[in-house]
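Coordinates from query.cif are shown below (mmCIF, C-alpha atoms).
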data_data
loop_
_atom_site.label_atom_id
_atom_site.label_comp_id
_atom_site.auth_asym_id
_atom_site.auth_seq_id
_atom_site.Cartn_x
_atom_site.Cartn_y
_atom_site.Cartn_z
CA MET A 40 184.99 195.20 -104.89
CA GLU A 41 182.33 193.52 -107.03
CA ARG A 42 180.62 192.03 -104.00
CA VAL A 43 180.50 195.43 -102.33
CA SER A 44 178.97 197.12 -105.37
CA VAL A 45 176.32 194.41 -105.77
CA VAL A 46 175.36 194.68 -102.09
CA THR A 47 175.26 198.48 -102.32
CA ASP A 48 173.02 198.34 -105.41
CA VAL A 49 170.63 195.92 -103.71
CA ARG A 50 170.42 198.12 -100.60
CA LYS A 51 169.90 201.32 -102.58
CA ALA A 52 167.14 199.73 -104.70
CA ASN A 53 165.47 198.41 -101.52
CA GLN A 54 165.65 201.82 -99.87
CA ASP A 55 164.00 203.55 -102.82
CA ILE A 56 161.09 201.09 -102.86
CA ALA A 57 160.79 201.25 -99.05
CA GLN A 58 160.38 205.01 -99.32
CA GLU A 59 157.58 204.54 -101.88
CA ASN A 60 155.88 202.08 -99.50
CA ARG A 61 156.28 204.59 -96.65
CA ASN A 62 154.73 207.37 -98.75
CA LEU A 63 151.78 205.09 -99.58
CA PHE A 64 151.26 204.10 -95.92
CA GLU A 65 151.37 207.72 -94.81
CA ALA A 66 148.95 208.81 -97.54
CA CYS A 67 146.53 206.08 -96.40
CA GLY A 68 146.96 206.96 -92.70
CA THR A 69 148.22 203.41 -92.12
CA CYS A 70 150.74 202.69 -89.38
CA ALA A 71 152.93 199.85 -90.69
CA ILE A 72 154.80 197.76 -88.12
CA ASN A 73 157.64 195.46 -89.11
CA LEU A 74 157.46 192.56 -86.64
CA MET A 75 160.71 190.62 -86.44
CA SER A 76 162.21 187.77 -84.39
CA ALA A 77 164.14 184.52 -84.50
CA PRO A 78 162.09 181.45 -85.49
CA GLY A 79 159.66 180.33 -82.83
CA ALA A 80 159.95 183.41 -80.60
CA GLY A 81 156.18 183.85 -80.82
CA LYS A 82 155.48 186.60 -83.39
CA THR A 83 152.19 185.08 -84.51
CA SER A 84 151.10 184.40 -80.91
CA VAL A 85 151.91 188.02 -80.02
CA LEU A 86 149.87 189.14 -83.04
CA GLU A 87 146.91 186.99 -82.04
CA ALA A 88 146.93 188.24 -78.45
CA THR A 89 147.41 191.85 -79.59
CA ILE A 90 144.67 191.74 -82.23
CA ARG A 91 142.19 190.36 -79.69
CA GLN A 92 142.76 193.44 -77.53
CA ILE A 93 142.79 196.15 -80.19
CA ALA A 94 140.46 194.94 -82.95
CA ALA A 95 137.59 197.01 -81.53
CA SER A 96 139.61 200.24 -81.76
CA TYR A 97 141.49 199.87 -85.03
CA GLU A 98 141.11 198.45 -88.51
CA VAL A 99 143.89 195.88 -88.56
CA ALA A 100 145.44 193.86 -91.42
CA VAL A 101 148.44 191.55 -91.52
CA ILE A 102 151.03 190.67 -94.14
CA GLU A 103 152.65 187.34 -93.29
CA GLY A 104 156.16 186.50 -94.51
CA ASP A 105 157.23 182.84 -94.45
CA LEU A 106 159.65 180.65 -96.37
CA GLN A 107 156.96 177.99 -96.75
CA THR A 108 153.37 177.24 -95.64
CA THR A 109 150.32 179.43 -95.00
CA ILE A 110 149.96 178.31 -91.35
CA ASP A 111 150.42 181.83 -89.94
CA SER A 112 148.03 183.67 -92.27
CA GLU A 113 145.37 181.03 -91.52
CA ARG A 114 145.82 181.70 -87.79
CA ILE A 115 145.27 185.41 -88.37
CA ARG A 116 142.24 184.94 -90.63
CA ALA A 117 140.68 182.74 -87.94
CA LEU A 118 140.45 185.95 -85.86
CA GLY A 119 138.40 187.65 -88.59
CA VAL A 120 141.34 189.84 -89.68
CA SER A 121 142.51 190.11 -93.31
CA ALA A 122 145.88 188.51 -93.97
CA TYR A 123 148.06 188.34 -97.07
CA GLN A 124 150.67 185.60 -97.31
CA ILE A 125 154.09 186.22 -98.87
CA THR A 126 155.92 182.92 -99.38
CA THR A 127 159.59 183.71 -99.93
CA GLY A 128 160.80 180.22 -100.92
CA SER A 129 164.46 180.28 -99.90
CA VAL A 130 164.77 184.02 -99.20
CA CYS A 131 165.48 184.53 -95.50
CA HIS A 132 163.88 187.98 -95.07
CA LEU A 133 161.21 190.25 -96.52
CA ASP A 134 162.32 193.14 -98.69
CA ALA A 135 160.56 196.33 -99.77
CA ARG A 136 159.75 194.98 -103.25
CA MET A 137 157.84 191.99 -101.79
CA VAL A 138 155.82 194.37 -99.60
CA ALA A 139 155.15 196.72 -102.56
CA LYS A 140 153.84 193.75 -104.56
CA ALA A 141 151.69 192.66 -101.61
CA VAL A 142 150.05 196.06 -101.06
CA ALA A 143 149.32 196.34 -104.80
CA GLU A 144 147.06 193.28 -104.38
CA PHE A 145 146.03 193.88 -100.77
CA PRO A 146 144.98 197.54 -100.46
CA VAL A 147 145.80 199.28 -97.17
CA ASP A 148 143.45 202.22 -97.60
CA GLY A 149 141.12 202.14 -94.61
CA ILE A 150 143.62 200.15 -92.53
CA ASP A 151 144.84 201.86 -89.32
CA LEU A 152 147.40 199.29 -88.37
CA LEU A 153 149.26 196.98 -90.75
CA PHE A 154 151.45 194.34 -89.12
CA ILE A 155 154.11 192.93 -91.43
CA GLU A 156 155.31 189.69 -89.85
CA ASN A 157 158.80 189.05 -91.16
CA VAL A 158 160.52 185.70 -91.77
CA GLY A 159 161.85 184.20 -88.51
CA ASN A 160 165.52 185.19 -88.53
CA LEU A 161 167.46 187.24 -86.00
CA VAL A 162 169.94 188.57 -88.58
CA CYS A 163 168.96 189.52 -92.15
CA PRO A 164 165.46 191.04 -91.75
CA ALA A 165 166.98 193.91 -89.74
CA GLU A 166 168.98 195.02 -92.80
CA PHE A 167 165.92 195.61 -95.01
CA ASP A 168 163.70 198.65 -94.56
CA LEU A 169 160.17 197.75 -95.69
CA GLY A 170 158.76 201.27 -95.37
CA GLU A 171 157.47 200.63 -91.86
CA ALA A 172 156.73 203.36 -89.30
CA LEU A 173 157.80 201.18 -86.37
CA ARG A 174 160.00 198.17 -85.82
CA VAL A 175 158.91 195.77 -83.11
CA MET A 176 161.03 192.81 -82.17
CA VAL A 177 159.97 189.70 -80.26
CA PHE A 178 162.64 187.86 -78.29
CA SER A 179 162.03 184.57 -76.55
CA VAL A 180 163.67 184.61 -73.11
CA PRO A 181 164.79 180.94 -73.21
CA GLU A 182 167.08 181.92 -76.13
CA GLY A 183 169.47 183.36 -73.54
CA ALA A 184 170.40 186.68 -71.93
CA GLU A 185 173.55 187.26 -74.01
CA LYS A 186 171.81 187.32 -77.40
CA PRO A 187 171.52 191.15 -77.70
CA LYS A 188 175.34 191.23 -77.66
CA LYS A 189 175.67 188.42 -80.19
CA TYR A 190 172.96 189.64 -82.62
CA PRO A 191 173.01 193.39 -82.03
CA LEU A 192 171.56 194.86 -85.23
CA MET A 193 167.91 193.83 -84.81
CA PHE A 194 167.90 194.92 -81.17
CA HIS A 195 169.64 198.15 -82.15
CA THR A 196 167.05 199.11 -84.77
CA ALA A 197 163.91 198.16 -82.79
CA ASP A 198 161.49 200.77 -81.44
CA ALA A 199 160.08 198.19 -79.03
CA VAL A 200 161.46 194.86 -77.80
CA LEU A 201 158.97 192.32 -76.45
CA LEU A 202 160.67 189.79 -74.15
CA ASN A 203 158.26 186.90 -74.64
CA LYS A 204 157.67 183.60 -72.83
CA ILE A 205 158.46 185.02 -69.38
CA ASP A 206 156.27 182.20 -68.02
CA LEU A 207 159.27 179.94 -68.83
CA LEU A 208 161.73 182.07 -66.80
CA PRO A 209 161.57 179.86 -63.67
CA TYR A 210 162.63 176.85 -65.77
CA ALA A 211 164.93 178.39 -68.38
CA GLY A 212 167.80 179.54 -66.15
CA VAL A 213 167.84 182.99 -67.79
CA SER A 214 168.07 186.26 -65.84
CA LEU A 215 165.49 188.81 -67.01
CA ASP A 216 167.54 191.61 -65.40
CA GLU A 217 170.68 190.60 -67.30
CA LEU A 218 168.71 190.27 -70.56
CA ARG A 219 167.17 193.71 -70.06
CA ARG A 220 170.59 195.26 -69.32
CA ASN A 221 171.98 193.73 -72.52
CA VAL A 222 169.09 195.13 -74.57
CA VAL A 223 169.59 198.60 -73.07
CA GLU A 224 173.32 198.43 -73.79
CA VAL A 225 172.65 197.78 -77.50
CA ASN A 226 169.66 200.13 -77.73
CA PRO A 227 168.99 202.60 -74.89
CA ARG A 228 165.99 204.17 -76.67
CA ALA A 229 163.92 200.98 -77.17
CA ALA A 230 160.77 200.42 -75.15
CA ILE A 231 161.13 197.03 -73.43
CA PHE A 232 158.14 194.89 -72.45
CA PRO A 233 158.51 191.51 -70.69
CA ILE A 234 155.39 189.58 -71.72
CA SER A 235 153.81 186.15 -71.82
CA CYS A 236 151.27 185.45 -74.55
CA LYS A 237 150.35 182.33 -72.62
CA THR A 238 149.45 183.96 -69.29
CA GLY A 239 148.76 187.50 -70.59
CA GLU A 240 151.33 188.97 -68.17
CA GLY A 241 152.77 192.28 -69.39
CA MET A 242 150.45 192.53 -72.40
CA ASP A 243 148.68 195.65 -71.09
CA ALA A 244 151.90 197.67 -71.03
CA TRP A 245 152.75 196.66 -74.60
CA ILE A 246 149.21 197.39 -75.82
CA GLY A 247 149.36 200.77 -74.08
CA TRP A 248 152.59 201.63 -75.90
CA LEU A 249 151.08 200.50 -79.17
CA ARG A 250 147.97 202.64 -78.69
CA GLY A 251 150.21 205.61 -77.91
CA ASN A 252 152.04 205.14 -81.20
CA VAL A 253 149.11 204.50 -83.52
CA LYS A 254 146.51 207.11 -84.31
CA PRO A 255 143.09 205.69 -83.47
CA ARG A 256 140.52 205.46 -86.22
CA LEU A 257 138.55 208.48 -84.99
CA CYS A 258 141.62 210.74 -85.14
CA ARG A 259 142.40 209.49 -88.59
CA ILE A 260 138.88 210.24 -89.82
CA LEU A 261 138.97 213.71 -88.24
CA ARG A 262 142.38 214.36 -89.75
CA ARG A 263 141.11 213.37 -93.18
CA ASP A 264 138.06 215.60 -92.81
CA GLU A 265 140.38 218.52 -92.10
CA LEU A 266 142.19 217.99 -95.40
CA MET B 191 168.71 187.38 -114.64
CA GLU B 192 171.59 189.30 -113.06
CA ARG B 193 170.54 188.33 -109.57
CA VAL B 194 170.41 184.66 -110.58
CA SER B 195 173.87 184.73 -112.14
CA VAL B 196 175.43 186.44 -109.11
CA VAL B 197 173.84 183.88 -106.77
CA THR B 198 174.96 181.00 -109.01
CA ASP B 199 178.53 182.32 -109.10
CA VAL B 200 178.62 182.68 -105.30
CA ARG B 201 177.32 179.12 -104.84
CA LYS B 202 179.73 177.62 -107.38
CA ALA B 203 182.71 179.41 -105.80
CA ASN B 204 181.61 178.24 -102.34
CA GLN B 205 181.23 174.65 -103.54
CA ASP B 206 184.74 174.60 -105.01
CA ILE B 207 186.33 175.83 -101.78
CA ALA B 208 184.15 173.47 -99.70
CA GLN B 209 185.53 170.56 -101.72
CA GLU B 210 189.10 171.73 -101.00
CA ASN B 211 188.24 171.88 -97.28
CA ARG B 212 186.73 168.38 -97.50
CA ASN B 213 189.87 167.03 -99.17
CA LEU B 214 192.00 168.57 -96.43
CA PHE B 215 189.83 167.15 -93.64
CA GLU B 216 189.91 163.69 -95.20
CA ALA B 217 193.68 163.83 -95.68
CA CYS B 218 194.07 164.73 -92.00
CA GLY B 219 191.59 162.04 -90.84
CA THR B 220 189.47 164.79 -89.33
CA CYS B 221 185.69 164.40 -89.12
CA ALA B 222 184.24 167.91 -89.55
CA ILE B 223 180.74 168.54 -88.23
CA ASN B 224 178.74 171.59 -89.25
CA LEU B 225 176.62 172.41 -86.19
CA MET B 226 173.63 174.60 -87.04
CA SER B 227 170.55 176.02 -85.31
CA ALA B 228 168.43 179.10 -84.76
CA PRO B 229 169.82 181.60 -82.20
CA GLY B 230 169.63 180.36 -78.64
CA ALA B 231 168.74 176.74 -79.42
CA GLY B 232 171.73 175.63 -77.38
CA LYS B 233 174.54 174.77 -79.84
CA THR B 234 177.30 175.81 -77.46
CA SER B 235 175.65 174.03 -74.51
CA VAL B 236 175.36 170.87 -76.62
CA LEU B 237 179.04 171.22 -77.53
CA GLU B 238 180.07 171.65 -73.89
CA ALA B 239 178.06 168.61 -72.76
CA THR B 240 179.31 166.54 -75.71
CA ILE B 241 182.97 167.49 -75.28
CA ARG B 242 182.85 166.52 -71.59
CA GLN B 243 181.79 163.01 -72.60
CA ILE B 244 184.11 162.39 -75.55
CA ALA B 245 187.27 164.36 -74.81
CA ALA B 246 188.97 161.22 -73.43
CA SER B 247 188.41 159.32 -76.68
CA TYR B 248 189.04 161.93 -79.35
CA GLU B 249 191.19 164.94 -80.11
CA VAL B 250 188.56 167.66 -80.43
CA ALA B 251 188.76 171.24 -81.74
CA VAL B 252 186.08 173.83 -82.38
CA ILE B 253 185.64 176.66 -84.90
CA GLU B 254 183.10 179.17 -83.59
CA GLY B 255 181.11 181.36 -85.96
CA ASP B 256 179.41 184.45 -84.52
CA LEU B 257 178.34 187.83 -85.82
CA GLN B 258 179.89 189.51 -82.79
CA THR B 259 181.64 188.62 -79.50
CA THR B 260 183.99 185.79 -78.48
CA ILE B 261 181.67 184.50 -75.73
CA ASP B 262 181.28 181.03 -77.29
CA SER B 263 184.95 180.35 -78.01
CA GLU B 264 185.79 181.37 -74.44
CA ARG B 265 183.26 178.82 -73.16
CA ILE B 266 184.92 176.09 -75.25
CA ARG B 267 188.47 177.04 -74.22
CA ALA B 268 187.37 176.86 -70.57
CA LEU B 269 186.99 173.10 -71.17
CA GLY B 270 190.63 172.82 -72.25
CA VAL B 271 189.71 172.44 -75.94
CA SER B 272 191.22 174.57 -78.71
CA ALA B 273 188.78 177.01 -80.28
CA TYR B 274 189.13 179.43 -83.19
CA GLN B 275 186.70 182.35 -83.41
CA ILE B 276 185.34 183.57 -86.76
CA THR B 277 183.54 186.89 -86.30
CA THR B 278 181.40 187.45 -89.37
CA GLY B 279 180.30 191.05 -88.66
CA SER B 280 176.97 191.30 -90.50
CA VAL B 281 177.21 188.03 -92.47
CA CYS B 282 174.45 185.68 -91.31
CA HIS B 283 176.19 182.35 -92.02
CA LEU B 284 179.60 180.76 -92.36
CA ASP B 285 180.86 179.99 -95.85
CA ALA B 286 183.60 177.68 -97.10
CA ARG B 287 186.07 180.54 -97.62
CA MET B 288 185.84 181.58 -93.95
CA VAL B 289 186.49 178.00 -92.89
CA ALA B 290 189.43 177.67 -95.33
CA LYS B 291 190.95 180.83 -93.85
CA ALA B 292 190.40 179.49 -90.32
CA VAL B 293 192.08 176.12 -90.93
CA ALA B 294 195.04 177.85 -92.57
CA GLU B 295 195.69 179.49 -89.16
CA PHE B 296 194.30 176.71 -86.97
CA PRO B 297 195.74 173.39 -88.24
CA VAL B 298 193.47 170.34 -88.06
CA ASP B 299 196.17 167.71 -88.47
CA GLY B 300 195.94 165.52 -85.38
CA ILE B 301 192.32 166.49 -84.76
CA ASP B 302 189.79 163.61 -84.85
CA LEU B 303 186.70 165.71 -84.52
CA LEU B 304 186.29 169.32 -85.62
CA PHE B 305 183.03 170.99 -84.66
CA ILE B 306 182.20 174.06 -86.73
CA GLU B 307 179.54 175.99 -84.83
CA ASN B 308 177.66 178.07 -87.39
CA VAL B 309 175.98 181.46 -86.86
CA GLY B 310 172.57 181.08 -85.18
CA ASN B 311 170.16 181.20 -88.10
CA LEU B 312 167.61 178.62 -89.20
CA VAL B 313 167.77 179.64 -92.86
CA CYS B 314 170.98 180.69 -94.63
CA PRO B 315 173.66 178.43 -93.07
CA ALA B 316 171.93 175.39 -94.63
CA GLU B 317 172.67 176.76 -98.11
CA PHE B 318 176.46 176.82 -97.67
CA ASP B 319 178.54 173.64 -97.74
CA LEU B 320 181.63 174.15 -95.56
CA GLY B 321 183.30 170.86 -96.53
CA GLU B 322 181.87 169.05 -93.50
CA ALA B 323 181.42 165.26 -93.27
CA LEU B 324 178.25 165.57 -91.20
CA ARG B 325 175.57 168.14 -90.57
CA VAL B 326 174.07 168.22 -87.10
CA MET B 327 171.20 170.52 -86.28
CA VAL B 328 170.02 171.61 -82.84
CA PHE B 329 166.37 172.58 -82.49
CA SER B 330 164.91 174.02 -79.30
CA VAL B 331 161.54 172.42 -78.60
CA PRO B 332 159.90 175.63 -77.26
CA GLU B 333 160.31 177.08 -80.79
CA GLY B 334 157.25 175.03 -81.81
CA ALA B 335 156.34 171.72 -83.45
CA GLU B 336 155.48 173.20 -86.85
CA LYS B 337 158.94 174.68 -87.54
CA PRO B 338 160.26 171.79 -89.71
CA LYS B 339 157.46 172.60 -92.18
CA LYS B 340 158.16 176.32 -92.08
CA TYR B 341 161.98 176.12 -92.30
CA PRO B 342 162.47 172.84 -94.19
CA LEU B 343 165.94 173.18 -95.76
CA MET B 344 168.09 172.87 -92.63
CA PHE B 345 166.04 169.92 -91.36
CA HIS B 346 166.16 168.37 -94.82
CA THR B 347 169.96 168.49 -95.07
CA ALA B 348 170.78 167.35 -91.50
CA ASP B 349 172.31 163.96 -90.74
CA ALA B 350 171.20 164.28 -87.13
CA VAL B 351 168.59 166.52 -85.46
CA LEU B 352 168.95 167.15 -81.73
CA LEU B 353 165.63 168.23 -80.18
CA ASN B 354 167.02 170.20 -77.25
CA LYS B 355 165.49 171.63 -74.04
CA ILE B 356 163.05 168.72 -73.59
CA ASP B 357 163.11 169.64 -69.87
CA LEU B 358 160.89 172.60 -70.92
CA LEU B 359 158.31 170.36 -72.66
CA PRO B 360 155.90 170.26 -69.67
CA TYR B 361 155.75 174.09 -69.70
CA ALA B 362 156.10 174.92 -73.41
CA GLY B 363 152.86 173.43 -74.73
CA VAL B 364 154.69 171.67 -77.58
CA SER B 365 154.07 168.03 -78.58
CA LEU B 366 157.31 166.07 -79.00
CA ASP B 367 155.47 163.45 -81.07
CA GLU B 368 154.14 166.08 -83.47
CA LEU B 369 157.57 167.72 -83.73
CA ARG B 370 159.20 164.37 -84.44
CA ARG B 371 156.59 163.55 -87.11
CA ASN B 372 157.25 166.89 -88.79
CA VAL B 373 161.02 166.29 -88.81
CA VAL B 374 160.53 162.83 -90.34
CA GLU B 375 158.21 164.27 -92.98
CA VAL B 376 160.90 166.72 -94.11
CA ASN B 377 163.80 164.29 -93.66
CA PRO B 378 163.07 160.58 -93.19
CA ARG B 379 166.78 159.64 -93.07
CA ALA B 380 167.85 161.94 -90.20
CA ALA B 381 168.76 160.48 -86.82
CA ILE B 382 166.57 162.25 -84.23
CA PHE B 383 167.62 162.65 -80.59
CA PRO B 384 165.42 164.38 -77.99
CA ILE B 385 167.89 165.75 -75.42
CA SER B 386 168.29 168.13 -72.52
CA CYS B 387 171.72 169.62 -71.91
CA LYS B 388 170.41 170.76 -68.54
CA THR B 389 169.35 167.35 -67.18
CA GLY B 390 171.52 165.15 -69.43
CA GLU B 391 168.46 163.22 -70.65
CA GLY B 392 168.97 161.67 -74.09
CA MET B 393 172.66 162.64 -74.31
CA ASP B 394 173.88 159.00 -74.30
CA ALA B 395 171.95 158.16 -77.47
CA TRP B 396 173.37 161.19 -79.29
CA ILE B 397 176.92 160.47 -78.08
CA GLY B 398 176.50 156.85 -79.20
CA TRP B 399 175.51 157.99 -82.69
CA LEU B 400 178.45 160.39 -82.78
CA ARG B 401 180.92 157.69 -81.76
CA GLY B 402 179.49 155.44 -84.49
CA ASN B 403 180.15 158.13 -87.08
CA VAL B 404 183.64 159.27 -86.04
CA LYS B 405 186.69 157.05 -86.26
CA PRO B 406 188.34 156.89 -82.83
CA ARG B 407 191.91 158.06 -82.49
CA LEU B 408 193.33 154.56 -82.33
CA CYS B 409 191.75 153.56 -85.66
CA ARG B 410 193.04 156.72 -87.24
CA ILE B 411 196.58 156.08 -86.02
CA LEU B 412 196.42 152.46 -87.22
CA ARG B 413 195.09 153.59 -90.58
CA ARG B 414 197.93 156.05 -90.93
CA ASP B 415 200.47 153.41 -90.03
CA GLU B 416 199.11 151.31 -92.83
CA LEU B 417 199.74 154.03 -95.38
#

What is this file in structure tokens?
Amino acid sequence: MERVSVVTDVRKANQDIAQENRNLFEACGTCAINLMSAPGAGKTSVLEATIRQIAASYEVAVIEGDLQTTIDSERIRALGVSAYQITTGSVCHLDARMVAKAVAEFPVDGIDLLFIENVGNLVCPAEFDLGEALRVMVFSVPEGAEKPKKYPLMFHTADAVLLNKIDLLPYAGVSLDELRRNVVEVNPRAAIFPISCKTGEGMDAWIGWLRGNVKPRLCRILRRDEL
Amino acid sequence: MERVSVVTDVRKANQDIAQENRNLFEACGTCAINLMSAPGAGKTSVLEATIRQIAASYEVAVIEGDLQTTIDSERIRALGVSAYQITTGSVCHLDARMVAKAVAEFPVDGIDLLFIENVGNLVCPAEFDLGEALRVMVFSVPEGAEKPKKYPLMFHTADAVLLNKIDLLPYAGVSLDELRRNVVEVNPRAAIFPISCKTGEGMDAWIGWLRGNVKPRLCRILRRDEL
């Protein structure tokens, strides 16, 4: 019983702070995207390829979550985009409090699109609302077609699932059709985009979906002027 | 302060039960191996390929840890090897209590080699001692050469690191030398084996290491006779 009450308290506290983050993002007109995946699925590569295509249309910023190192935030800054590094130490996921602390030091006012790159972990990050508007998950196809069944929660809660590294499909022995069916079974409402950051295949469809879900800067300025 | 004390209590309780498991394994002459990796790195494929090569020399059994599904234990049983499935629900790692419960129902007496396949997660499983004699980690090379720096704990605590899917190296854009250097930096004492379950490359070196670390059945029987 004790364990249950501790877990419940932690979740409730997280939810309250996530809602405060969400209110802040909405007040600033910032679309926050929680980007999640297993380690090495290619979140940062997806971010790099995405930023290159949309930086002209949106003000973009990135919060990077990692156990250790600042490798990822350095990659993002090399693109001329602001990045804030959260180093979690041994904590295997971001939580709403870490994001609240980050945005207190890293203002989001004026930012159209805030990517929050979570710690690489296919399990725990899905349990913690950060206050995001959208959840986007990256899955690396060589990880295997049965993974949506084995790790259902992250797939289930994603608004979009990017099936990355499709350039490795001919060598990985994984069926894209079977993988897609397994994603749909766990989450019929998710948008699914097979992509390769390496070859660029499929990126246009994902970017199109993203543009459809994020208000462009002009709309945001107009909307503010109407207030 | 509360969070710290809860975490400390959980760790202390886990450590006590892990020691009981370890005592049991030693009393039974069973070498328990905690097999860990990120999702989709190929733990079950490594197990299948390993079991095929050693089943004639050792009595082998497997405990499978998964969030959901019994896919992995069915794959092991198809080889004629006993497998016990732990389904953790939402818990992202095995702990010593789960293993204690498993071996109460799944006796290890007579088993030379017990593989405990952990939940696919590159972070949390490394924090929980299960009572194992050896920790073996599987890392999928397409996940990227910098991962030992970003997820150091599991690499740091492993007795052996299997660098799997080297057949994908020509297509993945990952340097095996750089990856190996990064593993050594985090853990200079680990045995490192580049392997491919698909082609069989490197498997002999890993199996040789395993045989060197597990007492063969004959030795165990002799040792018992001496008691």

Among the residues A:Asn73, A:Ser112, A:Ser179, A:Asn62, the one that comes closest to A:Glu166 [using only C-alpha atoms]: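 For A:Glu166, the nearest of the candidates is A:Asn73.
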
Could you please tell me, as a PyMOL selection string, which residues of chain A have an atom within 10 Å of chain B when using only C-alpha atoms? chain A and resi 42+45+49+77-81+105-111+128-132+158-163+166+179-192+204+206-207+210-212+237

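Using only C-alpha atoms, the nearest neighbour of A:Glu240 within the list A:Leu63, A:Met75, A:Ala94, A:Ile205 is A:Ile205.
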
Given the file shown, enumerate the residues that the PyMOL selection byres ((chain A and resi 138-149) around 8) captures and present them as number ranges by chain. A: 56, 60, 64, 67-69, 98, 100, 102, 123, 125, 133-137, 150-151, 153, 169

Need the shell around stretch 246-254 of chain A: protein/DNA/RNA residues with any atom at most 9 Å away, counting only C-alpha atoms. Skip same-chain ones fewer than 4 positions apart. Format as a PyMOL selection string? chain A and resi 68-70+89+92-93+97+151-152+173+199+230+241-242+258-259

What does the distance from atom CA of A:Val99 to atom CA of A:Met193 come to in Å, to one decimal? 24.4 Å

Computed interatomic separation between atom CA of A:Ala57 and atom CA of A:Ala244 (Å): 29.6 Å

Evaluating the PyMOL selection byres ((chain A and resi 229) around 7) on the displayed file yields which residues, as a PyMOL selection string? chain A and resi 197-200+226-228+230-231

Grab all the atoms of stretch 274-278 of chain B that the file lists, wrap them in a box along x, y and z, add 6 Å per side, and give me centre plus edge lengths in Å (one decimal) as lines of an AutoDock Vina configuration file.
center_x = 185.3
center_y = 183.4
center_z = -86.3
size_x = 19.7
size_y = 20.0
size_z = 18.2

Which one of B:Ser365, B:Thr278, B:Ser272, B:Ser227 sits closest to B:Leu352 if you count only C-alpha atoms?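 Ranked by minimum distance to B:Leu352, first place goes to B:Ser227.
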
What lies within 6 Å of A:Glu156 using only C-alpha atoms, ignoring chain neighbours under 4 positions off, as an MDAnalysis selection string? chainID A and resid 74 103:104

For B:Arg212, work out the shell of residues within 8 Å, counting only C-alpha atoms and skipping chain neighbours fewer than 6 positions away, then give it as an MDAnalysis selection string. chainID B and resid 320:323

What gap, in Å, lies between atom CA of A:Gly239 and atom CA of A:Asn203? 10.3 Å

Regenerate stretch 56-65 of chain A at the level of N, CA, C and O atoms and dump it as an mmCIF file, in the frame of the given file.
data_model
loop_
_atom_site.group_PDB
_atom_site.id
_atom_site.type_symbol
_atom_site.label_atom_id
_atom_site.label_comp_id
_atom_site.auth_asym_id
_atom_site.auth_seq_id
_atom_site.Cartn_x
_atom_site.Cartn_y
_atom_site.Cartn_z
ATOM 1 N N ILE A 56 162.436 201.685 -102.871
ATOM 2 C CA ILE A 56 161.090 201.090 -102.860
ATOM 3 C C ILE A 56 160.472 201.227 -101.467
ATOM 4 O O ILE A 56 159.276 201.483 -101.333
ATOM 5 N N ALA A 57 161.296 201.089 -100.432
ATOM 6 C CA ALA A 57 160.790 201.250 -99.050
ATOM 7 C C ALA A 57 160.208 202.648 -98.873
ATOM 8 O O ALA A 57 159.163 202.827 -98.238
ATOM 9 N N GLN A 58 160.877 203.635 -99.456
ATOM 10 C CA GLN A 58 160.380 205.010 -99.320
ATOM 11 C C GLN A 58 159.030 205.161 -100.039
ATOM 12 O O GLN A 58 158.130 205.846 -99.531
ATOM 13 N N GLU A 59 158.884 204.520 -101.187
ATOM 14 C CA GLU A 59 157.580 204.540 -101.880
ATOM 15 C C GLU A 59 156.503 203.883 -101.015
ATOM 16 O O GLU A 59 155.380 204.389 -100.912
ATOM 17 N N ASN A 60 156.844 202.739 -100.399
ATOM 18 C CA ASN A 60 155.880 202.080 -99.500
ATOM 19 C C ASN A 60 155.500 203.019 -98.357
ATOM 20 O O ASN A 60 154.331 203.157 -97.998
ATOM 21 N N ARG A 61 156.510 203.690 -97.785
ATOM 22 C CA ARG A 61 156.280 204.590 -96.650
ATOM 23 C C ARG A 61 155.348 205.730 -97.053
ATOM 24 O O ARG A 61 154.423 206.087 -96.305
ATOM 25 N N ASN A 62 155.598 206.284 -98.252
ATOM 26 C CA ASN A 62 154.730 207.370 -98.750
ATOM 27 C C ASN A 62 153.286 206.885 -98.877
ATOM 28 O O ASN A 62 152.340 207.589 -98.506
ATOM 29 N N LEU A 63 153.123 205.664 -99.410
ATOM 30 C CA LEU A 63 151.780 205.090 -99.580
ATOM 31 C C LEU A 63 151.110 204.911 -98.213
ATOM 32 O O LEU A 63 149.943 205.295 -98.027
ATOM 33 N N PHE A 64 151.837 204.335 -97.253
ATOM 34 C CA PHE A 64 151.260 204.100 -95.920
ATOM 35 C C PHE A 64 150.837 205.431 -95.287
ATOM 36 O O PHE A 64 149.764 205.542 -94.702
ATOM 37 N N GLU A 65 151.698 206.430 -95.423
ATOM 38 C CA GLU A 65 151.370 207.720 -94.810
ATOM 39 C C GLU A 65 150.156 208.361 -95.490
ATOM 40 O O GLU A 65 149.287 208.920 -94.836
#
